[in-house]
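S.K.: I'd like to ask some things about the structure below.
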Amino acid sequence: MQIVNKQQTDIDISTIESSIATFINSINASIFALNSTHQALWSLPDDRLVNVLQKMLDSGTLMTIFMNHNYSASVLNEIQNKSNSTGPRAIDVAGREITIVDGIVSIKPISVDVQNLE
């Protein structure tokens with residue numbers, strides 16, 4: 001039951017706004033999935049993280065995956081910014097500092113500031 005009769009223009013605008021909301025929800029879901037993937041990798045214990053990164057490097061996929069992740073995160077964040085969305089933002093940086101020397105991956109240990117633990 002309609003309480004107020006809407007003109008066709010109002011119905012059209014409502015339909016467009018609903019589609020925009022669906023699109024923004026899909027962007028939010030994409031950001032959630034991308035951030036979950038980021039978390040799954042970078043939360044691995046150091047030894048397992050190094051093994052995964054080394055395997056990716058050895059298979060030739062490490063840089064491509066990192067570049068694709070960064071690109072995807074940047075584009076999703078740009079969409080969020082342009083739509084003035086208050087939704088989540090995609091993480092677009094590596095979770096740890098890594099180095100590759102002579103084809104061997106290593107990660108910088110996480111330093112703990114003992115003075116600030118008190």
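Ligands are numbered from 1 in the order shown, chains are lettered A, B, ... in the order of the structure tokens, and residues start at 1 in each chain.
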Write out as number ranges by chain the residues lying within 7 Å of segment 54-71 of chain A, counting only C-alpha atoms and excluding same-chain residues fewer than 2 positions away.
M.R.: A: 50-52, 73-75, 92-93, 104-105
S.K.: Those same residues, written as a CSV table (one decimal), in the first residue's frame with N, CA and C atoms?
M.R.:
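This is the output file result.csv:
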chain,number,residue,atom,x,y,z
A,50,VAL,N,57.4,-16.8,5.7
A,50,VAL,CA,58.6,-16.8,4.8
A,50,VAL,C,58.4,-17.9,3.8
A,51,ASN,N,57.9,-19.1,4.2
A,51,ASN,CA,57.8,-20.2,3.3
A,51,ASN,C,56.8,-19.9,2.2
A,52,VAL,N,55.7,-19.2,2.5
A,52,VAL,CA,54.7,-18.9,1.5
A,52,VAL,C,55.2,-17.9,0.6
A,73,ALA,N,43.3,-2.7,-4.3
A,73,ALA,CA,43.0,-1.9,-3.1
A,73,ALA,C,42.9,-0.4,-3.5
A,74,SER,N,43.8,0.1,-4.3
A,74,SER,CA,43.8,1.5,-4.7
A,74,SER,C,42.5,1.9,-5.4
A,75,VAL,N,42.1,1.0,-6.4
A,75,VAL,CA,40.9,1.3,-7.1
A,75,VAL,C,39.7,1.3,-6.2
A,92,ASP,N,46.4,-1.3,1.4
A,92,ASP,CA,47.1,-1.3,0.1
A,92,ASP,C,48.6,-1.4,0.3
A,93,VAL,N,49.1,-1.8,1.5
A,93,VAL,CA,50.5,-1.9,1.7
A,93,VAL,C,50.8,-3.3,2.3
A,104,ILE,N,66.4,-15.2,-2.1
A,104,ILE,CA,65.9,-15.7,-0.8
A,104,ILE,C,65.1,-14.6,-0.1
A,105,VAL,N,63.9,-14.9,0.3
A,105,VAL,CA,63.0,-14.0,1.0
A,105,VAL,C,63.3,-14.0,2.5
S.K.: Could you pull out the alpha helix (DSSP H) residues of chain A from DSSP and send them as a PyMOL selection string?
M.R.: chain A and resi 8-42+46-58+62-82
S.K.: Name the residues of chain A that fall into strand (DSSP E) according to DSSP on the backbone, using the chain letters and numbers of this document, as a VMD selection string.
M.R.: chain A and resid 98 to 101 104 to 107
S.K.: Deliver the residues from the most recent selection as a file, using N, CA and C atoms, as a CSV table (one decimal), in the first residue's frame.
M.R.:
chain,number,residue,atom,x,y,z
A,98,ILE,N,59.7,-6.9,3.8
A,98,ILE,CA,60.4,-8.1,3.3
A,98,ILE,C,61.6,-7.6,2.4
A,99,THR,N,62.6,-8.5,2.4
A,99,THR,CA,63.7,-8.3,1.5
A,99,THR,C,63.9,-9.5,0.7
A,100,ILE,N,64.5,-9.4,-0.4
A,100,ILE,CA,64.9,-10.5,-1.3
A,100,ILE,C,66.3,-10.3,-1.7
A,101,VAL,N,67.2,-11.2,-1.3
A,101,VAL,CA,68.6,-11.1,-1.6
A,101,VAL,C,69.0,-12.5,-2.2
A,104,ILE,N,66.4,-15.2,-2.1
A,104,ILE,CA,65.9,-15.7,-0.8
A,104,ILE,C,65.1,-14.6,-0.1
A,105,VAL,N,63.9,-14.9,0.3
A,105,VAL,CA,63.0,-14.0,1.0
A,105,VAL,C,63.3,-14.0,2.5
A,106,SER,N,63.3,-12.8,3.0
A,106,SER,CA,63.4,-12.7,4.5
A,106,SER,C,62.4,-11.6,4.9
A,107,ILE,N,62.0,-11.7,6.1
A,107,ILE,CA,61.1,-10.6,6.7
A,107,ILE,C,61.8,-10.0,7.9
S.K.: Give the answer as one residue: which of A:Gly103, A:Glu17, A:Ser111, A:Gln80 has the shortest atom-to-atom distance to Ala29 of chain A, using only C-alpha atoms?
M.R.: A:Gln80
S.K.: Please compute the atom CA of Ile11 of chain A-atom CA of Phe23 of chain A distance, one decimal, in Å.
M.R.: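 Computing it gives 18.5 Å between the two atoms.
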S.K.: Tell me, as JSON, numbers by chain, which residues lie within 9 Å of Ile79 of chain A, counting only C-alpha atoms; anything in the same chain fewer than 5 positions away does not count.
M.R.: {"A": [24, 27, 74, 84, 85]}
S.K.: At a cut-off of 10 Å, using only C-alpha atoms, what residues contact Ser72 of chain A? Leave out same-chain residues fewer than 5 positions from it and give the result as a ChimeraX atom specification.
M.R.: /A:30-31,34,66-67,77-78,90-92
S.K.: Identify, on the basis of only C-alpha atoms, every residue whose closest approach to segment 95-97 of chain A does not exceed 8 Å; exclude the query and any residue fewer than 5 positions from it along the same chain; express the result as an MDAnalysis selection string.
M.R.: chainID A and resid 38 42 107:108
S.K.: Please report the interatomic distance between atom CA of Thr22 of chain A and atom CA of Gln8 of chain A in Å with one decimal.
M.R.: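 Straight-line distance from atom CA of Thr22 of chain A to atom CA of Gln8 of chain A works out to 21.2 Å.
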S.K.: Between atom CA of Ala94 of chain A and atom CA of Leu53 of chain A, what is the distance, to one decimal in Å?
M.R.: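 Interatomic distance here is 11.7 Å.
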